[in-house]
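Q: What follows is coords22.cif, made up of mmCIF, C-alpha atoms:
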data_target
#
loop_
_atom_site.label_atom_id
_atom_site.label_comp_id
_atom_site.auth_asym_id
_atom_site.auth_seq_id
_atom_site.Cartn_x
_atom_site.Cartn_y
_atom_site.Cartn_z
CA MET A 1 92.20 141.48 120.08
CA PHE A 2 94.76 141.60 122.88
CA THR A 3 93.87 139.07 125.52
CA ARG A 4 94.05 139.40 129.26
CA LYS A 5 96.62 137.45 131.20
CA ILE A 6 95.28 134.48 133.15
CA PRO A 7 96.52 134.15 136.76
CA LEU A 8 98.95 131.31 137.36
CA GLY A 9 97.15 128.23 138.55
CA SER A 10 93.83 129.26 136.96
CA ALA A 11 91.73 126.38 135.63
CA GLU A 12 90.27 128.62 132.92
CA ARG A 13 91.55 128.11 129.38
CA PRO A 14 92.97 131.49 128.33
CA GLN A 15 92.32 133.08 124.99
CA LEU A 16 95.52 134.02 123.21
CA THR A 17 96.57 135.92 120.11
CA VAL A 18 99.61 134.43 118.38
CA MET A 19 101.74 136.10 115.71
CA HIS A 20 103.47 133.66 113.37
CA SER A 21 106.75 134.66 111.72
CA SER A 22 105.46 133.15 108.46
CA PRO A 23 102.81 134.24 105.93
CA PRO A 24 99.18 133.15 106.39
CA PRO A 25 97.78 130.01 104.75
CA ASP A 26 97.35 130.57 101.01
CA GLY A 27 95.42 127.50 99.85
CA THR A 28 98.48 125.33 99.29
CA THR A 29 99.67 122.79 101.83
CA LYS A 30 102.17 124.31 104.21
CA TYR A 31 103.14 123.55 107.79
CA ILE A 32 101.35 126.65 109.08
CA ASP A 33 98.05 125.02 108.08
CA GLN A 34 98.59 122.30 110.67
CA ILE A 35 98.67 124.83 113.47
CA VAL A 36 95.84 127.16 112.49
CA THR A 37 93.31 124.98 110.66
CA GLU A 38 92.27 122.79 113.58
CA ALA A 39 93.30 125.15 116.37
CA PRO A 40 91.19 125.42 119.53
CA THR A 41 88.69 128.25 119.52
CA GLU A 42 90.68 130.02 122.23
CA LEU A 43 93.39 130.90 119.70
CA ARG A 44 93.48 133.80 117.27
CA PHE A 45 96.31 134.19 114.75
CA THR A 46 98.04 137.08 113.07
CA TYR A 47 100.97 137.01 110.67
CA PHE A 48 104.34 138.62 110.39
CA SER A 49 105.50 141.91 109.00
CA TRP A 50 108.07 144.12 110.64
CA LYS A 51 105.47 146.86 110.95
CA ALA A 52 102.98 144.50 112.57
CA VAL A 53 105.55 143.37 115.14
CA PHE A 54 105.75 146.92 116.49
CA THR A 55 102.15 148.07 116.00
CA GLU A 56 99.92 145.06 116.67
CA LYS A 57 99.13 143.58 120.06
CA PHE A 58 99.57 139.86 120.56
CA ASP A 59 100.37 137.44 123.37
CA VAL A 60 102.91 135.06 121.79
CA PHE A 61 105.41 135.34 118.93
CA HIS A 62 105.88 132.01 117.11
CA VAL A 63 109.06 131.63 115.06
CA HIS A 64 109.50 129.29 112.09
CA TRP A 65 112.82 129.06 110.18
CA PRO A 66 114.37 131.97 112.16
CA GLU A 67 117.13 132.67 109.61
CA VAL A 68 114.43 134.02 107.25
CA LEU A 69 113.98 136.96 109.60
CA LEU A 70 117.55 138.07 108.86
CA ARG A 71 118.21 137.28 105.23
CA SER A 72 118.12 139.79 102.39
CA ASP A 73 119.65 140.12 98.95
CA GLY A 74 121.73 143.15 99.85
CA GLY A 75 124.06 144.14 102.65
CA LEU A 76 121.95 147.15 103.64
CA GLY A 77 118.86 144.99 103.83
CA ARG A 78 120.63 142.47 106.07
CA ALA A 79 121.90 145.24 108.33
CA ALA A 80 118.43 146.75 108.63
CA LYS A 81 116.92 143.38 109.53
CA ALA A 82 119.63 142.75 112.11
CA LEU A 83 118.93 146.07 113.86
CA THR A 84 115.19 145.48 113.69
CA LEU A 85 115.51 142.00 115.17
CA VAL A 86 117.42 143.40 118.15
CA ALA A 87 114.72 146.05 118.61
CA MET A 88 112.03 143.37 118.41
CA LEU A 89 113.70 141.22 121.07
CA THR A 90 114.04 144.27 123.31
CA LYS A 91 110.36 145.07 122.88
CA PHE A 92 109.34 141.50 123.70
CA ARG A 93 111.49 141.49 126.83
CA LEU A 94 109.97 144.76 128.06
CA THR A 95 106.38 143.79 127.25
CA ARG A 96 106.72 140.17 128.42
CA VAL A 97 105.75 138.62 125.09
CA PRO A 98 107.12 135.07 125.00
CA ILE A 99 108.82 133.63 121.94
CA ILE A 100 108.18 130.05 120.81
CA GLN A 101 110.31 128.39 118.14
CA THR A 102 109.40 125.32 116.12
CA LEU A 103 112.54 123.28 115.50
CA HIS A 104 112.07 122.51 111.81
CA ASN A 105 115.80 121.92 111.22
CA LEU A 106 118.81 121.29 113.40
CA LYS A 107 120.54 124.14 111.55
CA PRO A 108 119.76 126.27 108.47
CA HIS A 109 120.22 124.39 105.19
CA GLU A 110 122.23 127.32 103.82
CA SER A 111 124.69 128.70 106.36
CA GLY A 112 124.72 132.41 107.11
CA ASN A 113 127.47 134.81 108.12
CA ARG A 114 128.90 135.33 111.59
CA LEU A 115 126.50 138.18 112.42
CA GLU A 116 123.55 135.98 111.55
CA ARG A 117 124.83 133.21 113.80
CA VAL A 118 125.28 135.65 116.69
CA LEU A 119 121.77 137.05 116.27
CA LEU A 120 120.20 133.61 115.97
CA GLY A 121 121.96 132.73 119.21
CA LEU A 122 120.46 135.82 120.81
CA LEU A 123 117.02 134.80 119.53
CA ASN A 124 117.48 131.29 120.93
CA ASN A 125 118.47 132.68 124.32
CA SER A 126 115.32 134.83 124.29
CA THR A 127 113.04 131.91 123.42
CA ALA A 128 110.73 130.73 126.20
CA LEU A 129 109.86 127.38 124.65
CA PHE A 130 111.02 125.22 121.74
CA VAL A 131 108.68 122.81 119.95
CA ARG A 132 110.19 119.74 118.34
CA ILE A 133 108.06 118.00 115.73
CA ASN A 134 109.67 114.60 115.89
CA PRO A 135 110.83 112.58 118.91
CA VAL A 136 114.53 112.49 117.96
CA THR A 137 115.24 116.24 117.89
CA PRO A 138 117.62 117.04 120.77
CA LEU A 139 115.99 118.74 123.73
CA VAL A 140 116.91 122.33 124.55
CA GLY A 141 117.15 121.89 128.30
CA ASP A 142 113.78 122.07 130.02
CA ARG A 143 112.47 124.48 127.36
CA THR A 144 111.29 121.81 124.90
CA VAL A 145 107.95 120.18 124.22
CA THR A 146 106.99 117.70 121.50
CA VAL A 147 104.14 118.21 119.03
CA LEU A 148 104.44 115.65 116.25
CA HIS A 149 104.29 116.83 112.63
CA GLY A 150 100.76 116.12 111.45
CA HIS A 151 99.71 113.96 108.54
CA TYR A 152 97.73 115.24 105.52
CA ARG A 153 95.06 112.58 105.12
CA GLY A 154 92.11 114.83 105.85
CA ARG A 155 93.42 117.70 103.76
CA PHE A 156 94.03 115.49 100.72
CA SER A 157 90.78 113.51 100.95
CA GLN A 158 88.98 116.08 98.76
CA TYR A 159 91.18 115.31 95.72
CA ASP A 160 91.15 112.44 93.26
CA GLN A 161 93.75 109.85 94.19
CA PRO A 162 94.62 107.67 91.17
CA GLU A 163 96.14 104.22 91.46
CA ALA A 164 99.89 103.76 91.44
CA VAL A 165 101.47 102.96 88.08
CA GLU A 166 104.11 100.23 88.14
CA GLY A 167 107.53 101.60 87.31
CA ASN A 168 106.72 105.22 88.15
CA LEU A 169 109.36 106.84 90.35
CA LEU A 170 108.85 110.34 91.75
CA HIS A 171 110.89 113.07 93.40
CA PHE A 172 108.90 116.13 94.49
CA GLY A 173 109.03 119.24 96.63
CA LEU A 174 111.11 122.39 96.65
CA ILE A 175 114.22 121.21 94.76
CA ARG A 176 117.30 122.43 96.61
CA PRO A 177 120.95 121.32 96.44
CA TYR A 178 120.87 119.32 99.67
CA LYS A 179 117.95 117.19 98.46
CA GLY A 180 120.14 115.09 96.19
CA VAL A 181 118.21 115.38 92.93
CA GLU A 182 121.44 115.49 90.89
CA ARG A 183 122.51 112.15 92.37
CA LEU A 184 119.04 110.70 91.73
CA VAL A 185 119.19 111.69 88.07
CA GLU A 186 122.70 110.27 87.73
CA VAL A 187 121.67 106.94 89.28
CA PHE A 188 118.49 106.69 87.23
CA GLU A 189 120.35 107.29 83.96
CA MET A 190 122.62 104.36 84.82
CA MET A 191 119.66 102.02 85.34
CA GLY A 192 118.89 100.14 82.15
CA ASP A 193 115.34 99.12 83.03
CA ARG A 194 113.18 100.56 80.26
CA GLN A 195 110.06 99.92 82.34
CA LEU A 196 111.04 102.60 84.84
CA ASN A 197 110.16 106.27 84.57
CA LEU A 198 111.39 109.13 86.72
CA ARG A 199 109.20 112.16 87.32
CA ILE A 200 110.54 115.30 89.03
CA VAL A 201 108.02 117.83 90.33
CA GLY A 202 108.81 121.06 92.15
CA ASP A 203 110.41 124.47 92.00
CA PRO A 204 114.22 124.25 91.56
CA SER A 205 116.75 126.58 93.14
CA GLY A 206 120.53 126.88 93.02
CA GLY A 207 120.85 126.36 89.26
CA LEU A 208 119.20 122.95 89.35
CA ARG A 209 116.62 123.76 86.68
CA GLU A 210 119.19 123.56 83.87
CA THR A 211 120.61 120.30 85.21
CA ILE A 212 117.20 118.66 85.31
CA GLU A 213 116.14 119.96 81.90
CA LEU A 214 119.32 118.62 80.28
CA SER A 215 118.76 115.21 81.87
CA VAL A 216 115.16 115.10 80.68
CA ALA A 217 116.32 115.91 77.14
CA ARG A 218 118.87 113.07 77.24
CA ASP A 219 116.66 110.34 78.69
CA LYS A 220 113.09 110.03 77.44
CA ARG A 221 112.18 107.97 80.51
CA MET A 222 112.42 111.16 82.51
CA SER A 223 109.94 114.02 82.72
CA ALA A 224 109.66 117.11 84.89
CA LEU A 225 107.17 119.72 86.06
CA LEU A 226 109.47 122.40 87.42
CA LYS A 227 107.24 124.72 89.35
CA PHE A 228 105.36 124.92 92.62
CA VAL A 229 102.16 122.95 92.07
CA ALA A 230 98.68 123.17 93.59
CA ASP A 231 97.55 120.48 95.98
CA ASP A 232 95.35 118.63 93.51
CA VAL A 233 98.29 118.27 91.11
CA LEU A 234 100.62 117.23 93.92
CA VAL A 235 98.21 114.54 95.12
CA ALA A 236 97.81 113.12 91.62
CA GLU A 237 101.58 113.04 91.03
CA VAL A 238 102.30 111.28 94.32
CA CYS A 239 99.47 108.79 93.97
CA LYS A 240 100.64 107.70 90.50
CA ALA A 241 104.09 106.87 91.88
CA GLU A 242 105.02 103.29 92.71
CA LEU A 243 107.90 104.68 94.79
CA VAL A 244 108.77 108.19 95.96
CA ILE A 245 112.51 108.84 96.28
CA LEU A 246 113.86 111.53 98.61
CA PRO A 247 117.65 111.13 98.38
CA TYR A 248 118.47 114.03 100.70
CA THR A 249 122.01 114.53 101.92
CA GLU A 250 120.45 115.62 105.22
CA MET A 251 117.02 114.84 106.60
CA HIS A 252 115.65 115.81 109.96
CA ASN A 253 112.05 116.89 109.41
CA SER A 254 110.46 116.34 106.02
CA GLY A 255 107.03 117.49 104.97
CA ALA A 256 107.47 115.56 101.71
CA LEU A 257 107.94 112.35 103.68
CA LEU A 258 104.68 112.93 105.58
CA VAL A 259 102.85 113.90 102.38
CA THR A 260 103.94 110.63 100.76
CA LEU A 261 102.89 108.47 103.70
CA SER A 262 99.59 110.37 104.03
CA LEU A 263 98.82 109.29 100.45
CA ASN A 264 99.77 105.68 101.21
CA ARG A 265 102.79 105.49 98.97
CA PRO A 266 106.14 103.90 99.89
CA VAL A 267 109.19 106.13 100.08
CA LEU A 268 112.97 105.70 99.85
CA VAL A 269 115.00 107.95 102.17
CA PRO A 270 118.50 108.17 103.69
CA ARG A 271 119.26 106.57 107.01
CA THR A 272 118.94 109.11 109.82
CA ASP A 273 117.54 108.96 113.34
CA THR A 274 114.38 110.53 111.95
CA SER A 275 113.87 108.07 109.09
CA GLU A 276 114.51 105.10 111.36
CA ALA A 277 111.99 106.39 113.91
CA ILE A 278 109.23 106.99 111.37
CA ALA A 279 109.90 103.65 109.64
CA LYS A 280 109.28 101.95 112.97
CA GLU A 281 106.21 104.10 113.62
CA VAL A 282 104.38 103.48 110.33
CA GLY A 283 105.12 99.77 110.05
CA PRO A 284 107.07 97.62 107.59
CA GLY A 285 106.91 98.08 103.83
CA TRP A 286 106.39 101.85 103.77
CA VAL A 287 109.73 103.52 104.50
CA PHE A 288 112.81 102.11 102.75
CA ILE A 289 116.20 103.32 103.93
CA PHE A 290 119.51 103.55 102.09
CA ASP A 291 122.94 104.02 103.60
CA GLY A 292 125.52 106.49 102.37
CA THR A 293 124.98 107.73 98.83
CA LEU A 294 121.93 106.61 96.84
CA ALA A 295 122.66 103.69 94.47
CA ALA A 296 120.69 101.93 91.76
CA SER A 297 120.59 98.83 93.97
CA ASP A 298 118.70 100.80 96.63
CA ILE A 299 115.93 101.62 94.17
CA SER A 300 115.79 98.08 92.77
CA ALA A 301 115.70 96.52 96.23
CA ALA A 302 112.85 98.78 97.36
CA LEU A 303 110.81 97.99 94.24
CA GLU A 304 111.38 94.25 94.70
CA VAL A 305 109.99 94.40 98.24
CA ILE A 306 107.06 96.62 97.22
CA ARG A 307 106.04 94.17 94.52
CA SER A 308 106.42 91.00 96.57
CA SER A 309 105.58 91.63 100.21
CA ASP A 310 102.46 92.24 102.16
CA ARG A 311 102.11 95.33 104.30
CA SER A 312 99.40 97.05 106.30
CA VAL A 313 96.60 98.65 104.28
CA LEU A 314 97.70 102.09 105.51
CA PRO A 315 100.83 103.43 107.19
CA HIS A 316 100.25 103.89 110.91
CA LEU A 317 100.07 107.63 111.57
CA GLU A 318 98.07 107.68 114.78
CA GLY A 319 98.67 110.70 116.99
CA ARG A 320 99.38 112.94 114.00
CA ASP A 321 95.86 114.28 113.47
CA TRP A 322 95.73 118.05 113.05
CA GLU A 323 93.43 118.37 116.08
CA ASN A 324 96.27 116.91 118.16
CA VAL A 325 98.72 119.35 116.59
CA GLY A 326 96.46 122.32 117.31
CA GLU A 327 95.85 121.28 120.89
CA GLY A 328 99.56 120.61 121.42
CA TYR A 329 100.47 124.09 120.25
CA TYR A 330 97.76 125.63 122.39
CA ASP A 331 99.26 123.97 125.45
CA ALA A 332 102.72 125.21 124.39
CA TYR A 333 101.47 128.80 124.02
CA VAL A 334 99.89 128.71 127.46
CA GLN A 335 103.03 127.23 128.98
CA ALA A 336 105.24 129.89 127.37
CA THR A 337 102.95 132.68 128.57
CA ARG A 338 102.99 131.37 132.11
CA ARG A 339 106.76 131.01 132.05
CA VAL A 340 107.04 134.71 131.25
CA GLN A 341 104.52 135.58 133.97
CA ARG A 342 106.43 133.48 136.48
CA PHE A 343 109.60 135.51 135.95
CA ARG A 344 108.03 138.93 136.22
#
Show me this structure written as structure tokens.

A:
Amino acid sequence: MFTRKIPLGSAERPQLTVMHSSPPPDGTTKYIDQIVTEAPTELRFTYFSWKAVFTEKFDVFHVHWPEVLLRSDGGLGRAAKALTLVAMLTKFRLTRVPIIQTLHNLKPHESGNRLERVLLGLLNNSTALFVRINPVTPLVGDRTVTVLHGHYRGRFSQYDQPEAVEGNLLHFGLIRPYKGVERLVEVFEMMGDRQLNLRIVGDPSGGLRETIELSVARDKRMSALLKFVADDVLVAEVCKAELVILPYTEMHNSGALLVTLSLNRPVLVPRTDTSEAIAKEVGPGWVFIFDGTLAASDISAALEVIRSSDRSVLPHLEGRDWENVGEGYYDAYVQATRRVQRFR
């Protein structure tokens, strides 16, 4: 379905086909679900392949994590993707297909080579509209709109949600070097409290599997489930935690943070503009912030407050319903389309 262009100034809500640069929803919780699950009926979605980019008809191209479009294990693969990206941008310019980018990160977590940086700059210059998903992401001129990252309360309501177990600490998500799991393990091993347990759940990368397995073998208070887990398992693991710890060395947008708060569990995170903003948003007693490098005292202080203070029954997450996310993206797609029409 390729949809007709709506004249500028029309009061009619246009129907649009959007191609996402990511795979379709697969039954596990991913950001793409927030956009497509509760989308307005005027939207239809299709999903990326290089063949589809050049053979399918669509109105908007929506980019997530743009560096993924260029990365490959081999030099020939990277070169082929680079040439194809240039061809894609040329096609979009000629056919007036606008590009939207969601600003998931301020920069890629793993830096690329100079060619990648040049091509990502070219992609940015070709982008009609950027979508930031928290209110502290820097604006890209007048090409930025805000659609807050949605919560997961509705999605997780179908699963059993056990009570928190005192002393249970949890780190979860895709385990990557910048997420600080090695420091967390080091700090936990130094803590002498035998009533504490540390659980690590997620799929490790960058050689972290061996590090975690060795730590688990040394300290019987630790356990790990080192694989990508289904939503029902994820919900159970988070709900059993007294405190979730995300000791990232960098944090701008974090799905794990929103997952934790959606399941009404307190979380310990580094001090950033993002963590300070969401701590203020959700109310006291839910987001605990540490400065610098994670220390045992940060964990102990958070647990002391959790066990002694009153807080709201639920974290405040108003405005983050998926219907709001879907409607916000619809408005962004329409705006991007009309920007392209305006400059015909």

Q: Do you know which residues the PyMOL selection byres ((chain A and resi 226) around 8) returns on this file, as a ChimeraX atom specification?

A: /A:200-204,209,224-225,227-228

Q: Mind dumping the selected residues with C-alpha atoms as an mmCIF file, in the frame of the given file?

A:
data_model
loop_
_atom_site.group_PDB
_atom_site.id
_atom_site.type_symbol
_atom_site.label_atom_id
_atom_site.label_comp_id
_atom_site.auth_asym_id
_atom_site.auth_seq_id
_atom_site.Cartn_x
_atom_site.Cartn_y
_atom_site.Cartn_z
ATOM 1 C CA ILE A 200 110.540 115.300 89.030
ATOM 2 C CA VAL A 201 108.020 117.830 90.330
ATOM 3 C CA GLY A 202 108.810 121.060 92.150
ATOM 4 C CA ASP A 203 110.410 124.470 92.000
ATOM 5 C CA PRO A 204 114.220 124.250 91.560
ATOM 6 C CA ARG A 209 116.620 123.760 86.680
ATOM 7 C CA ALA A 224 109.660 117.110 84.890
ATOM 8 C CA LEU A 225 107.170 119.720 86.060
ATOM 9 C CA LYS A 227 107.240 124.720 89.350
ATOM 10 C CA PHE A 228 105.360 124.920 92.620
#

Q: Can you build me a table of segment 119-209 of chain A residues sitting at most 12 Å from segment 22-29 of chain A, with the closest atom pair per residue and its distance in Å to one decimal, using only C-alpha atoms, sorted by chain and residue number, as a Markdown table?

A:
| residue | atom | partner | partner_atom | distance |
| --- | --- | --- | --- | --- |
| A:Gly150 | CA | A:Thr29 | CA | 11.8 |
| A:His151 | CA | A:Thr29 | CA | 11.1 |
| A:Tyr152 | CA | A:Thr29 | CA | 8.6 |
| A:Arg153 | CA | A:Thr29 | CA | 11.7 |
| A:Gly154 | CA | A:Thr29 | CA | 11.7 |
| A:Arg155 | CA | A:Thr29 | CA | 8.3 |
| A:Phe156 | CA | A:Thr29 | CA | 9.3 |
| A:Gly173 | CA | A:Thr29 | CA | 11.3 |

Q: Mind pulling up the distance from atom CA of Thr102 of chain A to atom CA of Leu70 of chain A?

A: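 Result for atom CA of Leu70 of chain A versus atom CA of Thr102 of chain A: 16.8 Å, one decimal.
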
Q: What does the PyMOL selection byres ((chain A and resi 233-243) around 6) select in this file, as a PyMOL selection string?

A: chain A and resi 161-166+168-170+230-232+244+266-267

Q: Kindly indicate which residue among A:Ala79, A:Val216, A:Leu263, A:Leu198 lies nearest to Ser157 of chain A, using only C-alpha atoms for the distances.

A: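 Using only C-alpha atoms, the shortest distance to Ser157 of chain A belongs to A:Leu263.
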
Q: Residues near Phe48 of chain A, anyone? I mean within 7 Å using all atoms listed in the file, not counting same-chain ones fewer than 3 positions away, as a list of chain:residue names.

A: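 Answer for this query is A:Met19, A:His20, A:Ser21, A:Ser22, A:Pro23, A:Ala52, A:Val53.
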
Q: What's the separation between atom CA of Pro14 of chain A and atom CA of Val36 of chain A, in Å to one decimal place?

A: 16.7 Å

Q: Name the residues that the PyMOL selection byres ((chain A and resi 96) around 10) pulls out of this structure, and write them as JSON, numbers by chain.

A: {"A": [59, 60, 90, 91, 92, 93, 94, 95, 97, 98, 99, 337, 339, 340, 341, 343, 344]}

Q: Could you tell me which of A:Leu83, A:Val147, A:Leu184, A:Val259 comes closest to Gly328 of chain A if we count all atoms listed in the file?

A: A:Val147

Q: Got a sec: who's within 12 Å of Gly141 of chain A, counting all atoms listed in the file, leaving out chain neighbours fewer than 6 positions off, as a PDB file with C-alpha atoms, keeping the file's coordinate frame?

A:
ATOM      1  CA  ASN A 124     117.480 131.290 120.930  1.00  0.00           C
ATOM      2  CA  ASN A 125     118.470 132.680 124.320  1.00  0.00           C
ATOM      3  CA  THR A 127     113.040 131.910 123.420  1.00  0.00           C
ATOM      4  CA  ALA A 128     110.730 130.730 126.200  1.00  0.00           C
ATOM      5  CA  LEU A 129     109.860 127.380 124.650  1.00  0.00           C
ATOM      6  CA  PHE A 130     111.020 125.220 121.740  1.00  0.00           C
ATOM      7  CA  VAL A 131     108.680 122.810 119.950  1.00  0.00           C
TER       8      VAL A 131
END

Q: Mind giving me the straight-line distance from atom CA of Asp160 of chain A to atom CA of Thr37 of chain A in Å, one decimal?

A: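 These atoms are spaced 21.6 Å apart.
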
Q: My list of candidates is A:Ala332, A:Leu106, A:Leu258, A:Leu115. Which is closest to Pro138 of chain A when distances are computed with only C-alpha atoms?

A: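 The closest residue to Pro138 of chain A is A:Leu106.
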
Q: Which polymer residues have any atom within 9 Å of an atom of segment 274-286 of chain A, counting all atoms listed in the file, with same-chain residues fewer than 3 positions away left out, as a VMD selection string?

A: chain A and resid 134 to 137 251 to 253 261 264 to 271 289 302 305 to 306 309 to 312 314 to 318

Q: With only C-alpha atoms as the basis for distance, which of A:Thr55, A:Ala82, A:His62, A:Gly207 is at the shortest distance from Ile35 of chain A?

A: A:His62

Q: Using only C-alpha atoms, which of the listed residues (A:Ala87, A:Ile100, A:Leu294, A:Leu257) sits closest to Val181 of chain A?

A: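 Ranking A:Ala87, A:Ile100, A:Leu294, A:Leu257 by distance to Val181 of chain A, first place goes to A:Leu294.
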
Q: Skip Glu38 of chain A itself and residues of its chain fewer than 3 positions away, then list as a compact mmCIF listing (two decimals) with C-alpha atoms, in the frame of the given file all residues within 9 Å of it, counting only C-alpha atoms.

A:
# COMPACT_ATOMS: atom_id res chain seq x y z
CA ASP A 33 98.05 125.02 108.08
CA GLN A 34 98.59 122.30 110.67
CA ILE A 35 98.67 124.83 113.47
CA THR A 41 88.69 128.25 119.52
CA TRP A 322 95.73 118.05 113.05
CA GLU A 323 93.43 118.37 116.08
CA ASN A 324 96.27 116.91 118.16
CA VAL A 325 98.72 119.35 116.59
CA GLY A 326 96.46 122.32 117.31
CA GLU A 327 95.85 121.28 120.89

Q: Could you pull the residues within 10 Å of Leu69 of chain A, counting only C-alpha atoms, minus those fewer than 4 positions along the same chain, as a list of chain:residue names?

A: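 Answer for this query is A:Ser21, A:Ser22, A:Phe48, A:Ser49, A:Trp50, A:Val63, A:His64, A:Trp65, A:Arg78, A:Lys81, A:Ala82, A:Thr84, A:Leu85, A:Glu116, A:Leu120.
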